[in-house]
file start-v5.cif (mmCIF, C-alpha atoms)
data_my_file
loop_
_atom_site.group_PDB
_atom_site.id
_atom_site.type_symbol
_atom_site.label_atom_id
_atom_site.label_comp_id
_atom_site.auth_asym_id
_atom_site.auth_seq_id
_atom_site.Cartn_x
_atom_site.Cartn_y
_atom_site.Cartn_z
ATOM 1 C CA ASP A 1 104.492 124.422 96.378
ATOM 2 C CA ILE A 2 106.025 120.969 96.011
ATOM 3 C CA GLN A 3 108.539 120.876 93.178
ATOM 4 C CA MET A 4 108.854 117.625 91.232
ATOM 5 C CA THR A 5 112.231 117.094 89.574
ATOM 6 C CA GLN A 6 112.391 114.372 86.954
ATOM 7 C CA SER A 7 115.498 112.772 85.525
ATOM 8 C CA PRO A 8 116.645 112.253 82.926
ATOM 9 C CA SER A 9 114.831 114.737 80.713
ATOM 10 C CA LEU A 10 115.705 112.717 77.607
ATOM 11 C CA LEU A 11 116.285 108.997 77.399
ATOM 12 C CA SER A 12 117.172 106.886 74.392
ATOM 13 C CA ALA A 13 116.968 103.116 74.796
ATOM 14 C CA SER A 14 116.649 99.951 72.755
ATOM 15 C CA VAL A 15 113.818 97.453 72.598
ATOM 16 C CA GLY A 16 114.266 94.965 75.421
ATOM 17 C CA ASP A 17 116.199 97.367 77.652
ATOM 18 C CA ARG A 18 115.323 97.944 81.280
ATOM 19 C CA VAL A 19 114.524 101.632 81.713
ATOM 20 C CA THR A 20 114.208 103.688 84.865
ATOM 21 C CA ILE A 21 112.887 107.219 85.253
ATOM 22 C CA ASN A 22 113.302 109.101 88.496
ATOM 23 C CA CYS A 23 111.223 111.718 90.222
ATOM 24 C CA LYS A 24 112.291 113.664 93.291
ATOM 25 C CA ALA A 25 109.866 115.736 95.325
ATOM 26 C CA SER A 26 110.946 118.824 97.243
ATOM 27 C CA GLN A 27 109.276 117.391 100.336
ATOM 28 C CA ASN A 28 107.721 114.152 101.541
ATOM 29 C CA ILE A 29 104.677 113.264 99.431
ATOM 30 C CA ASN A 30 103.688 110.140 101.350
ATOM 31 C CA LYS A 31 103.627 107.899 98.260
ATOM 32 C CA TYR A 32 100.908 110.001 96.621
ATOM 33 C CA LEU A 33 102.717 109.769 93.319
ATOM 34 C CA ASN A 34 101.322 108.842 89.911
ATOM 35 C CA TRP A 35 103.037 108.199 86.597
ATOM 36 C CA TYR A 36 101.598 109.089 83.193
ATOM 37 C CA GLN A 37 102.609 108.425 79.619
ATOM 38 C CA GLN A 38 101.782 110.986 76.971
ATOM 39 C CA LYS A 39 102.155 110.608 73.229
ATOM 40 C CA LEU A 40 102.190 113.557 70.862
ATOM 41 C CA GLY A 41 98.742 115.027 70.384
ATOM 42 C CA GLU A 42 97.133 112.776 72.978
ATOM 43 C CA ALA A 43 96.018 113.067 76.567
ATOM 44 C CA PRO A 44 98.181 111.649 79.330
ATOM 45 C CA LYS A 45 97.492 108.029 80.226
ATOM 46 C CA LEU A 46 97.644 106.860 83.823
ATOM 47 C CA LEU A 47 100.165 104.051 84.277
ATOM 48 C CA ILE A 48 100.830 103.840 88.006
ATOM 49 C CA TYR A 49 98.990 105.398 90.938
ATOM 50 C CA ASN A 50 100.052 105.832 94.533
ATOM 51 C CA THR A 51 103.651 104.850 93.802
ATOM 52 C CA ASN A 52 103.254 101.193 92.909
ATOM 53 C CA ASN A 53 99.698 100.372 91.837
ATOM 54 C CA LEU A 54 99.329 99.363 88.210
ATOM 55 C CA GLN A 55 96.333 100.948 86.526
ATOM 56 C CA THR A 56 93.897 98.519 84.911
ATOM 57 C CA GLY A 57 94.952 97.561 81.409
ATOM 58 C CA ILE A 58 98.560 98.672 81.758
ATOM 59 C CA PRO A 59 101.145 95.984 80.927
ATOM 60 C CA SER A 60 102.991 94.434 83.848
ATOM 61 C CA ARG A 61 106.364 95.520 82.431
ATOM 62 C CA PHE A 62 105.583 98.884 84.045
ATOM 63 C CA SER A 63 106.209 99.180 87.771
ATOM 64 C CA GLY A 64 106.753 101.904 90.325
ATOM 65 C CA SER A 65 108.549 102.203 93.621
ATOM 66 C CA GLY A 66 109.671 104.763 96.130
ATOM 67 C CA SER A 67 108.827 106.567 99.306
ATOM 68 C CA GLY A 68 109.347 109.912 100.981
ATOM 69 C CA THR A 69 110.771 112.197 98.320
ATOM 70 C CA ASP A 70 112.225 109.699 95.817
ATOM 71 C CA TYR A 71 110.255 107.687 93.291
ATOM 72 C CA THR A 72 111.044 105.536 90.278
ATOM 73 C CA LEU A 73 109.191 104.252 87.249
ATOM 74 C CA THR A 74 110.660 101.092 85.720
ATOM 75 C CA ILE A 75 109.942 99.510 82.371
ATOM 76 C CA SER A 76 111.341 96.015 82.620
ATOM 77 C CA SER A 77 111.630 95.283 78.911
ATOM 78 C CA LEU A 78 111.122 98.243 76.617
ATOM 79 C CA GLN A 79 108.672 97.776 73.743
ATOM 80 C CA PRO A 80 108.403 99.899 70.571
ATOM 81 C CA GLU A 81 105.053 101.327 71.680
ATOM 82 C CA ASP A 82 106.565 102.696 74.897
ATOM 83 C CA PHE A 83 107.945 105.832 73.220
ATOM 84 C CA GLY A 84 106.524 109.090 74.491
ATOM 85 C CA THR A 85 106.902 111.492 77.380
ATOM 86 C CA TYR A 86 106.511 110.333 80.954
ATOM 87 C CA PHE A 87 105.363 112.598 83.765
ATOM 88 C CA CYS A 88 105.268 112.092 87.495
ATOM 89 C CA PHE A 89 102.524 113.796 89.485
ATOM 90 C CA GLN A 90 102.095 114.405 93.209
ATOM 91 C CA HIS A 91 98.654 114.559 94.778
ATOM 92 C CA ASN A 92 99.761 114.774 98.395
ATOM 93 C CA SER A 93 99.044 118.460 98.753
ATOM 94 C CA TRP A 94 97.740 121.491 96.891
ATOM 95 C CA PRO A 95 98.702 122.807 94.514
ATOM 96 C CA LEU A 96 98.981 119.494 92.716
ATOM 97 C CA THR A 97 102.153 119.438 90.660
ATOM 98 C CA PHE A 98 103.683 117.517 87.773
ATOM 99 C CA GLY A 99 107.268 116.754 86.939
ATOM 100 C CA SER A 100 108.727 118.390 83.844
ATOM 101 C CA GLY A 101 108.713 115.137 81.896
ATOM 102 C CA THR A 102 111.088 112.523 80.507
ATOM 103 C CA LYS A 103 111.068 112.042 76.761
ATOM 104 C CA LEU A 104 111.709 108.400 75.955
ATOM 105 C CA GLU A 105 112.999 107.621 72.498
ATOM 106 C CA ILE A 106 113.393 104.168 71.065
ATOM 107 C CA LYS A 107 116.790 103.600 69.436
ATOM 108 C CA GLN B 1 82.878 102.895 78.819
ATOM 109 C CA ILE B 2 84.048 105.994 80.627
ATOM 110 C CA GLN B 3 84.725 108.937 78.354
ATOM 111 C CA LEU B 4 85.442 112.635 78.667
ATOM 112 C CA VAL B 5 84.813 114.331 75.342
ATOM 113 C CA GLN B 6 85.911 117.915 74.940
ATOM 114 C CA SER B 7 84.888 120.560 72.428
ATOM 115 C CA GLY B 8 86.916 121.496 69.370
ATOM 116 C CA PRO B 9 89.916 123.766 68.814
ATOM 117 C CA GLU B 10 89.527 127.509 69.232
ATOM 118 C CA LEU B 11 91.241 130.462 67.578
ATOM 119 C CA LYS B 12 90.775 133.713 69.440
ATOM 120 C CA LYS B 13 92.153 137.253 69.514
ATOM 121 C CA PRO B 14 93.703 138.861 72.590
ATOM 122 C CA GLY B 15 91.031 140.265 74.874
ATOM 123 C CA GLU B 16 88.343 137.819 73.757
ATOM 124 C CA SER B 17 86.816 135.037 75.838
ATOM 125 C CA VAL B 18 86.538 131.331 75.226
ATOM 126 C CA LYS B 19 84.382 128.637 76.816
ATOM 127 C CA ILE B 20 85.328 125.010 76.329
ATOM 128 C CA SER B 21 83.305 121.992 77.364
ATOM 129 C CA CYS B 22 83.986 118.547 78.758
ATOM 130 C CA LYS B 23 81.144 116.036 78.494
ATOM 131 C CA ALA B 24 81.347 112.960 80.689
ATOM 132 C CA SER B 25 79.741 109.606 79.998
ATOM 133 C CA GLY B 26 79.927 106.084 81.335
ATOM 134 C CA TYR B 27 79.798 107.019 85.013
ATOM 135 C CA THR B 28 77.794 109.118 87.461
ATOM 136 C CA PHE B 29 79.005 112.662 86.828
ATOM 137 C CA THR B 30 78.441 113.911 90.352
ATOM 138 C CA ASP B 31 80.460 111.120 91.955
ATOM 139 C CA TYR B 32 83.793 112.537 90.794
ATOM 140 C CA ALA B 33 85.261 116.018 90.931
ATOM 141 C CA MET B 34 86.445 117.491 87.654
ATOM 142 C CA ASN B 35 89.882 119.026 87.310
ATOM 143 C CA TRP B 36 91.472 121.150 84.612
ATOM 144 C CA VAL B 37 95.075 120.966 83.418
ATOM 145 C CA LYS B 38 96.956 123.327 81.089
ATOM 146 C CA GLN B 39 99.721 122.280 78.714
ATOM 147 C CA ALA B 40 101.427 125.134 76.892
ATOM 148 C CA PRO B 41 103.195 124.265 73.603
ATOM 149 C CA GLY B 42 106.306 122.206 74.260
ATOM 150 C CA ASN B 43 105.751 122.509 77.976
ATOM 151 C CA GLY B 44 104.718 120.288 80.802
ATOM 152 C CA LEU B 45 101.437 119.977 82.610
ATOM 153 C CA LYS B 46 100.047 122.532 85.049
ATOM 154 C CA TRP B 47 97.116 121.909 87.348
ATOM 155 C CA MET B 48 94.567 124.722 87.153
ATOM 156 C CA GLY B 49 92.132 123.651 89.832
ATOM 157 C CA TRP B 50 88.942 121.677 90.233
ATOM 158 C CA ILE B 51 85.206 121.910 90.592
ATOM 159 C CA ASN B 52 83.057 119.956 93.006
ATOM 160 C CA THR B 53 80.455 118.342 90.775
ATOM 161 C CA GLN B 54 78.004 117.937 93.650
ATOM 162 C CA THR B 55 78.016 121.539 94.881
ATOM 163 C CA GLY B 56 79.433 123.416 91.910
ATOM 164 C CA LYS B 57 82.077 125.030 94.094
ATOM 165 C CA PRO B 58 85.268 125.763 92.154
ATOM 166 C CA THR B 59 88.783 125.889 93.564
ATOM 167 C CA TYR B 60 91.485 127.612 91.548
ATOM 168 C CA ALA B 61 95.253 127.261 91.692
ATOM 169 C CA ASP B 62 96.970 130.589 92.364
ATOM 170 C CA ASP B 63 97.904 131.291 88.741
ATOM 171 C CA PHE B 64 94.314 130.781 87.602
ATOM 172 C CA LYS B 65 92.297 132.867 90.057
ATOM 173 C CA GLN B 66 91.785 135.956 87.955
ATOM 174 C CA ARG B 67 90.357 135.222 84.509
ATOM 175 C CA PHE B 68 89.353 131.591 84.712
ATOM 176 C CA VAL B 69 85.901 130.241 85.519
ATOM 177 C CA PHE B 70 84.898 126.620 86.102
ATOM 178 C CA SER B 71 81.216 125.786 85.800
ATOM 179 C CA LEU B 72 78.858 122.856 85.363
ATOM 180 C CA GLU B 73 75.725 121.796 83.555
ATOM 181 C CA THR B 74 74.986 118.796 85.724
ATOM 182 C CA SER B 75 71.889 117.731 83.800
ATOM 183 C CA ALA B 76 74.138 117.305 80.759
ATOM 184 C CA SER B 77 77.074 115.771 82.664
ATOM 185 C CA THR B 78 79.226 118.590 81.337
ATOM 186 C CA ALA B 79 81.920 120.765 82.850
ATOM 187 C CA TYR B 80 83.059 124.049 81.373
ATOM 188 C CA LEU B 81 86.191 126.144 81.464
ATOM 189 C CA GLN B 82 85.869 129.789 80.511
ATOM 190 C CA ILE B 83 88.884 132.016 80.031
ATOM 191 C CA ASN B 84 88.243 135.758 79.907
ATOM 192 C CA ASN B 85 90.431 138.534 78.516
ATOM 193 C CA LEU B 86 92.636 136.079 76.652
ATOM 194 C CA ASN B 87 96.329 136.823 76.154
ATOM 195 C CA ILE B 88 99.080 135.167 74.151
ATOM 196 C CA GLU B 89 100.245 133.157 77.183
ATOM 197 C CA ASP B 90 96.874 131.392 77.264
ATOM 198 C CA THR B 91 97.777 129.584 74.043
ATOM 199 C CA ALA B 92 97.779 125.974 75.192
ATOM 200 C CA THR B 93 95.936 122.694 75.238
ATOM 201 C CA TYR B 94 93.443 122.415 78.068
ATOM 202 C CA PHE B 95 92.487 119.032 79.468
ATOM 203 C CA CYS B 96 89.678 118.013 81.761
ATOM 204 C CA THR B 97 90.365 115.024 83.978
ATOM 205 C CA ARG B 98 88.340 113.425 86.713
ATOM 206 C CA TRP B 99 89.456 112.926 90.285
ATOM 207 C CA ASP B 100 89.075 109.363 91.473
ATOM 208 C CA THR B 101 89.875 109.157 95.182
ATOM 209 C CA THR B 102 91.794 105.921 94.629
ATOM 210 C CA ALA B 103 93.535 106.746 91.362
ATOM 211 C CA PRO B 104 93.425 110.503 90.720
ATOM 212 C CA PHE B 105 93.282 111.681 87.123
ATOM 213 C CA ASP B 106 92.442 108.246 85.773
ATOM 214 C CA TYR B 107 90.476 109.491 82.772
ATOM 215 C CA TRP B 108 91.216 112.510 80.623
ATOM 216 C CA GLY B 109 89.503 114.400 77.859
ATOM 217 C CA GLN B 110 91.277 114.546 74.532
ATOM 218 C CA GLY B 111 92.263 118.162 75.113
ATOM 219 C CA VAL B 112 91.253 121.435 73.481
ATOM 220 C CA MET B 113 93.862 123.518 71.686
ATOM 221 C CA VAL B 114 93.234 127.221 72.283
ATOM 222 C CA THR B 115 95.280 129.568 70.106
ATOM 223 C CA VAL B 116 95.381 133.266 70.938
ATOM 224 C CA SER B 117 96.734 135.375 68.117
ATOM 225 C CA SER B 118 96.169 138.866 66.782
#
call {"tool": "encode", "arguments": {"input": "start-v5.cif", "output": "C-alpha coordinates"}}
result
Amino acid sequence: DIQMTQSPSLLSASVGDRVTINCKASQNINKYLNWYQQKLGEAPKLLIYNTNNLQTGIPSRFSGSGSGTDYTLTISSLQPEDFGTYFCFQHNSWPLTFGSGTKLEIK
Amino acid sequence: QIQLVQSGPELKKPGESVKISCKASGYTFTDYAMNWVKQAPGNGLKWMGWINTQTGKPTYADDFKQRFVFSLETSASTAYLQINNLNIEDTATYFCTRWDTTAPFDYWGQGVMVTVSS
(Lines of atoms letter the chains of each structure in order from A and count residues from 1; the text may use other names and numbers.)
(Lines give C-alpha, C1' and ligand atoms only; values in the text may rest on other atoms or scores of the structure.)
Protein backbone atom coordinates (compact mmCIF):
# COMPACT_ATOMS: atom_id res chain seq x y z
CA ASP A 1 0.00 0.00 0.00
CA ILE A 2 1.16 3.55 -0.68
CA GLN A 3 1.66 5.47 2.55
CA MET A 4 0.92 9.20 2.50
CA THR A 5 2.80 11.23 5.10
CA GLN A 6 1.54 14.74 5.71
CA SER A 7 3.36 17.53 7.49
CA PRO A 8 2.87 19.37 9.66
CA SER A 9 0.06 17.68 11.56
CA LEU A 10 -0.90 20.97 13.22
CA LEU A 11 -0.43 24.44 11.82
CA SER A 12 -1.33 27.77 13.37
CA ALA A 13 -1.17 30.83 11.12
CA SER A 14 -2.49 34.36 10.86
CA VAL A 15 -4.86 35.87 8.33
CA GLY A 16 -2.84 36.96 5.32
CA ASP A 17 -0.06 34.43 5.87
CA ARG A 18 1.23 32.17 3.13
CA VAL A 19 0.71 28.58 4.24
CA THR A 20 2.16 25.38 2.84
CA ILE A 21 1.19 21.80 3.65
CA ASN A 22 3.30 18.91 2.47
CA CYS A 23 2.47 15.37 1.49
CA LYS A 24 5.02 12.66 0.79
CA ALA A 25 4.09 9.38 -0.85
CA SER A 26 5.98 6.16 -0.16
CA GLN A 27 6.36 5.68 -3.91
CA ASN A 28 5.83 7.59 -7.14
CA ILE A 29 2.16 8.47 -7.58
CA ASN A 30 2.49 10.12 -10.98
CA LYS A 31 0.77 13.36 -9.91
CA TYR A 32 -2.45 11.52 -9.06
CA LEU A 33 -2.79 13.58 -5.92
CA ASN A 34 -5.83 15.46 -4.63
CA TRP A 35 -6.25 17.86 -1.73
CA TYR A 36 -9.37 18.15 0.42
CA GLN A 37 -10.51 20.49 3.15
CA GLN A 38 -12.74 19.17 5.89
CA LYS A 39 -14.52 21.17 8.56
CA LEU A 40 -15.89 19.61 11.72
CA GLY A 41 -19.05 17.65 11.07
CA GLU A 42 -18.88 18.10 7.31
CA ALA A 43 -17.80 16.05 4.33
CA PRO A 44 -14.43 16.67 2.74
CA LYS A 45 -14.40 19.27 -0.03
CA LEU A 46 -12.23 18.81 -3.09
CA LEU A 47 -9.81 21.71 -3.55
CA ILE A 48 -7.17 20.49 -5.98
CA TYR A 49 -7.10 17.43 -8.23
CA ASN A 50 -4.22 15.81 -10.05
CA THR A 51 -1.62 17.89 -8.22
CA ASN A 52 -2.35 21.35 -9.58
CA ASN A 53 -5.87 21.60 -10.99
CA LEU A 54 -8.18 23.91 -9.08
CA GLN A 55 -11.65 22.48 -8.59
CA THR A 56 -14.51 24.65 -9.84
CA GLY A 57 -15.56 27.22 -7.29
CA ILE A 58 -12.41 27.04 -5.20
CA PRO A 59 -10.66 30.39 -4.64
CA SER A 60 -7.46 30.98 -6.57
CA ARG A 61 -5.48 31.50 -3.35
CA PHE A 62 -5.32 27.69 -3.23
CA SER A 63 -2.72 26.02 -5.43
CA GLY A 64 -0.92 22.72 -5.64
CA SER A 65 2.41 21.53 -6.96
CA GLY A 66 4.67 18.53 -6.93
CA SER A 67 5.70 15.41 -8.73
CA GLY A 68 6.98 11.93 -8.02
CA THR A 69 6.61 11.43 -4.28
CA ASP A 70 6.48 15.03 -3.00
CA TYR A 71 3.49 17.34 -3.17
CA THR A 72 2.52 20.68 -1.69
CA LEU A 73 -0.68 22.60 -1.08
CA THR A 74 -0.23 26.37 -0.81
CA ILE A 75 -2.66 28.97 0.44
CA SER A 76 -1.27 32.26 -0.76
CA SER A 77 -3.08 34.54 1.67
CA LEU A 78 -4.86 32.80 4.51
CA GLN A 79 -8.49 33.79 5.12
CA PRO A 80 -10.54 33.21 8.29
CA GLU A 81 -12.74 30.64 6.54
CA ASP A 82 -9.72 28.48 5.67
CA PHE A 83 -9.60 26.81 9.09
CA GLY A 84 -10.15 23.08 9.09
CA THR A 85 -8.29 19.87 8.39
CA TYR A 86 -6.58 19.27 5.08
CA PHE A 87 -6.02 15.82 3.61
CA CYS A 88 -4.00 14.67 0.66
CA PHE A 89 -5.20 11.64 -1.29
CA GLN A 90 -3.49 9.43 -3.86
CA HIS A 91 -5.47 7.76 -6.62
CA ASN A 92 -2.54 6.33 -8.55
CA SER A 93 -3.03 2.79 -7.34
CA TRP A 94 -5.23 0.60 -5.17
CA PRO A 95 -5.80 0.70 -2.35
CA LEU A 96 -6.48 4.42 -2.55
CA THR A 97 -5.00 6.14 0.46
CA PHE A 98 -5.30 9.42 2.34
CA GLY A 99 -2.78 11.36 4.34
CA SER A 100 -3.34 11.61 8.08
CA GLY A 101 -4.36 15.26 7.87
CA THR A 102 -3.10 18.73 8.75
CA LYS A 103 -5.19 20.72 11.18
CA LEU A 104 -5.02 24.39 10.28
CA GLU A 105 -5.86 26.86 13.01
CA ILE A 106 -6.24 30.57 12.53
CA LYS A 107 -4.33 32.62 15.10
CA GLN B 1 -27.16 20.58 -8.82
CA ILE B 2 -25.26 17.42 -8.01
CA GLN B 3 -26.05 15.99 -4.60
CA LEU B 4 -25.38 12.83 -2.64
CA VAL B 5 -27.80 12.59 0.25
CA GLN B 6 -27.21 9.93 2.85
CA SER B 7 -29.54 8.42 5.44
CA GLY B 8 -29.59 9.42 9.09
CA PRO B 9 -27.48 8.44 12.10
CA GLU B 10 -27.66 4.91 13.45
CA LEU B 11 -27.25 3.48 16.94
CA LYS B 12 -26.68 -0.25 16.98
CA LYS B 13 -25.59 -3.01 19.36
CA PRO B 14 -22.63 -5.31 18.73
CA GLY B 15 -23.60 -8.17 16.46
CA GLU B 16 -26.39 -6.27 14.71
CA SER B 17 -26.41 -5.11 11.10
CA VAL B 18 -26.89 -1.70 9.57
CA LYS B 19 -27.71 -0.58 6.03
CA ILE B 20 -27.11 3.02 5.07
CA SER B 21 -28.12 4.69 1.83
CA CYS B 22 -26.69 7.27 -0.52
CA LYS B 23 -29.12 8.84 -2.98
CA ALA B 24 -27.65 10.64 -5.96
CA SER B 25 -29.28 13.44 -7.92
CA GLY B 26 -28.28 15.99 -10.52
CA TYR B 27 -26.36 13.59 -12.75
CA THR B 28 -26.70 10.22 -14.46
CA PHE B 29 -26.15 7.72 -11.66
CA THR B 30 -24.68 5.00 -13.84
CA ASP B 31 -22.03 7.27 -15.35
CA TYR B 32 -19.96 7.38 -12.17
CA ALA B 33 -18.76 4.67 -9.82
CA MET B 34 -19.65 5.07 -6.17
CA ASN B 35 -17.03 4.77 -3.45
CA TRP B 36 -17.28 4.46 0.31
CA VAL B 37 -14.96 6.05 2.86
CA LYS B 38 -14.77 5.46 6.63
CA GLN B 39 -13.78 8.08 9.18
CA ALA B 40 -13.46 6.80 12.74
CA PRO B 41 -13.81 9.40 15.54
CA GLY B 42 -10.81 11.71 15.60
CA ASN B 43 -9.20 9.74 12.82
CA GLY B 44 -8.41 10.22 9.20
CA LEU B 45 -10.11 8.88 6.12
CA LYS B 46 -9.97 5.28 4.94
CA TRP B 47 -11.10 4.10 1.54
CA MET B 48 -13.39 1.08 1.79
CA GLY B 49 -13.88 0.26 -1.86
CA TRP B 50 -16.25 0.99 -4.70
CA ILE B 51 -19.15 -0.32 -6.70
CA ASN B 52 -19.53 -0.19 -10.46
CA THR B 53 -22.89 1.48 -10.96
CA GLN B 54 -23.30 0.00 -14.43
CA THR B 55 -22.70 -3.65 -13.53
CA GLY B 56 -23.24 -3.67 -9.78
CA LYS B 57 -19.87 -5.32 -9.23
CA PRO B 58 -18.33 -4.32 -5.89
CA THR B 59 -14.63 -4.12 -5.09
CA TYR B 60 -13.56 -4.08 -1.45
CA ALA B 61 -10.35 -2.87 0.15
CA ASP B 62 -8.64 -5.60 2.16
CA ASP B 63 -9.91 -4.45 5.56
CA PHE B 64 -13.51 -4.45 4.33
CA LYS B 65 -13.86 -7.81 2.60
CA GLN B 66 -15.55 -9.74 5.37
CA ARG B 67 -18.64 -8.02 6.76
CA PHE B 68 -19.26 -5.20 4.33
CA VAL B 69 -21.63 -5.26 1.37
CA PHE B 70 -22.04 -2.61 -1.33
CA SER B 71 -25.24 -2.70 -3.36
CA LEU B 72 -27.36 -0.57 -5.66
CA GLU B 73 -30.94 0.31 -6.46
CA THR B 74 -30.26 1.81 -9.85
CA SER B 75 -33.87 2.76 -10.54
CA ALA B 76 -33.70 4.98 -7.46
CA SER B 77 -30.16 6.27 -8.12
CA THR B 78 -29.19 4.93 -4.71
CA ALA B 79 -26.17 3.09 -3.38
CA TYR B 80 -26.14 1.15 -0.14
CA LEU B 81 -23.55 0.09 2.39
CA GLN B 82 -24.45 -2.76 4.70
CA ILE B 83 -22.28 -3.72 7.64
CA ASN B 84 -22.98 -7.09 9.26
CA ASN B 85 -22.01 -8.36 12.71
CA LEU B 86 -21.17 -4.87 13.92
CA ASN B 87 -18.40 -4.36 16.48
CA ILE B 88 -17.20 -1.37 18.47
CA GLU B 89 -14.49 -0.60 15.89
CA ASP B 90 -17.19 0.04 13.29
CA THR B 91 -18.19 3.20 15.15
CA ALA B 92 -17.45 5.85 12.55
CA THR B 93 -18.87 8.21 9.98
CA TYR B 94 -19.34 6.63 6.58
CA PHE B 95 -19.26 8.73 3.44
CA CYS B 96 -20.28 7.93 -0.09
CA THR B 97 -18.39 9.77 -2.81
CA ARG B 98 -18.50 9.49 -6.55
CA TRP B 99 -15.56 8.71 -8.80
CA ASP B 100 -15.12 11.21 -11.59
CA THR B 101 -12.38 10.03 -13.94
CA THR B 102 -11.01 13.57 -14.18
CA ALA B 103 -11.42 14.68 -10.58
CA PRO B 104 -11.97 11.65 -8.32
CA PHE B 105 -14.13 12.11 -5.25
CA ASP B 106 -15.49 15.45 -6.39
CA TYR B 107 -18.83 15.13 -4.62
CA TRP B 108 -19.50 13.59 -1.23
CA GLY B 109 -22.51 12.67 0.83
CA GLN B 110 -22.91 14.41 4.16
CA GLY B 111 -21.86 11.27 6.01
CA VAL B 112 -23.70 8.85 8.29
CA MET B 113 -22.59 8.46 11.89
CA VAL B 114 -22.88 4.83 12.98
CA THR B 115 -22.46 4.23 16.71
CA VAL B 116 -22.01 0.69 17.98
CA SER B 117 -22.52 0.39 21.71
CA SER B 118 -23.83 -2.23 24.10
call {"tool": "atom_distance", "arguments": {"input": "start-v5.cif", "atom1": "atom CA of Ser9 of chain A", "atom2": "atom CA of Phe87 of chain A"}}
result
10.2 Å
call {"tool": "interface_residues", "arguments": {"input": "start-v5.cif", "of": "chain B", "to": "chain A", "cutoff": "6 Å", "atoms": "only C-alpha atoms", "output": "PyMOL selection string"}}
result
chain B and resi 44+103+106+110
call {"tool": "residues_around", "arguments": {"input": "start-v5.cif", "residues": "segment 87-92 of chain B", "least_positions_apart": "5", "cutoff": "6 Å", "atoms": "all atoms listed in the file", "output": "PyMOL selection string"}}
result
chain B and resi 14+39-41+113-116
call {"tool": "residues_around", "arguments": {"input": "start-v5.cif", "residues": "Phe68 of chain B", "least_positions_apart": "4", "cutoff": "7 Å", "atoms": "only C-alpha atoms", "output": "PyMOL selection string"}}
result
chain B and resi 64+82-84
call {"tool": "resolve_selection", "arguments": {"input": "start-v5.cif", "expression": "the PyMOL selection byres ((chain B and resi 10) around 12)", "output": "list in words"}}
result
Gln6, Ser7, Gly8, Pro9, Leu11, Lys12, Lys13, Glu16, Ser17, Val18, Lys19, Ile20, Ser21, Ile83, Leu86, Asp90, Thr91, Ala92, Thr93, Tyr94, Gly111, Val112, Met113, Val114, Thr115, Val116 and Ser117 of chain B
call {"tool": "build_atoms", "arguments": {"input": "start-v5.cif", "residues": "segment 27-40 of chain B", "atoms": "N, CA and C atoms", "output": "PDB file, in the coordinates of the input"}}
result
ATOM      1  N   TYR B  27      79.751 107.049  83.550  1.00  0.00           N
ATOM      2  CA  TYR B  27      79.798 107.019  85.013  1.00  0.00           C
ATOM      3  C   TYR B  27      78.872 108.116  85.540  1.00  0.00           C
ATOM      4  N   THR B  28      78.633 108.099  86.838  1.00  0.00           N
ATOM      5  CA  THR B  28      77.794 109.118  87.461  1.00  0.00           C
ATOM      6  C   THR B  28      78.604 110.390  87.644  1.00  0.00           C
ATOM      7  N   PHE B  29      78.231 111.422  86.919  1.00  0.00           N
ATOM      8  CA  PHE B  29      79.005 112.662  86.828  1.00  0.00           C
ATOM      9  C   PHE B  29      79.294 113.268  88.196  1.00  0.00           C
ATOM     10  N   THR B  30      78.302 113.230  89.062  1.00  0.00           N
ATOM     11  CA  THR B  30      78.441 113.911  90.352  1.00  0.00           C
ATOM     12  C   THR B  30      79.230 113.102  91.393  1.00  0.00           C
ATOM     13  N   ASP B  31      79.678 111.928  91.018  1.00  0.00           N
ATOM     14  CA  ASP B  31      80.460 111.120  91.955  1.00  0.00           C
ATOM     15  C   ASP B  31      81.948 111.469  91.942  1.00  0.00           C
ATOM     16  N   TYR B  32      82.367 112.250  90.956  1.00  0.00           N
ATOM     17  CA  TYR B  32      83.793 112.537  90.794  1.00  0.00           C
ATOM     18  C   TYR B  32      83.983 114.023  90.492  1.00  0.00           C
ATOM     19  N   ALA B  33      84.910 114.637  91.225  1.00  0.00           N
ATOM     20  CA  ALA B  33      85.261 116.018  90.931  1.00  0.00           C
ATOM     21  C   ALA B  33      85.931 116.108  89.564  1.00  0.00           C
ATOM     22  N   MET B  34      85.803 117.268  88.946  1.00  0.00           N
ATOM     23  CA  MET B  34      86.445 117.491  87.654  1.00  0.00           C
ATOM     24  C   MET B  34      87.573 118.499  87.818  1.00  0.00           C
ATOM     25  N   ASN B  35      88.704 118.168  87.253  1.00  0.00           N
ATOM     26  CA  ASN B  35      89.882 119.026  87.310  1.00  0.00           C
ATOM     27  C   ASN B  35      90.233 119.520  85.912  1.00  0.00           C
ATOM     28  N   TRP B  36      90.991 120.598  85.878  1.00  0.00           N
ATOM     29  CA  TRP B  36      91.472 121.150  84.612  1.00  0.00           C
ATOM     30  C   TRP B  36      92.983 121.285  84.655  1.00  0.00           C
ATOM     31  N   VAL B  37      93.609 120.958  83.523  1.00  0.00           N
ATOM     32  CA  VAL B  37      95.075 120.966  83.418  1.00  0.00           C
ATOM     33  C   VAL B  37      95.461 121.690  82.132  1.00  0.00           C
ATOM     34  N   LYS B  38      96.464 122.568  82.235  1.00  0.00           N
ATOM     35  CA  LYS B  38      96.956 123.327  81.089  1.00  0.00           C
ATOM     36  C   LYS B  38      98.285 122.762  80.612  1.00  0.00           C
ATOM     37  N   GLN B  39      98.439 122.680  79.310  1.00  0.00           N
ATOM     38  CA  GLN B  39      99.721 122.280  78.714  1.00  0.00           C
ATOM     39  C   GLN B  39     100.056 123.255  77.607  1.00  0.00           C
ATOM     40  N   ALA B  40     100.983 124.176  77.899  1.00  0.00           N
ATOM     41  CA  ALA B  40     101.427 125.134  76.892  1.00  0.00           C
ATOM     42  C   ALA B  40     102.315 124.418  75.879  1.00  0.00           C
TER      43      ALA B  40
END
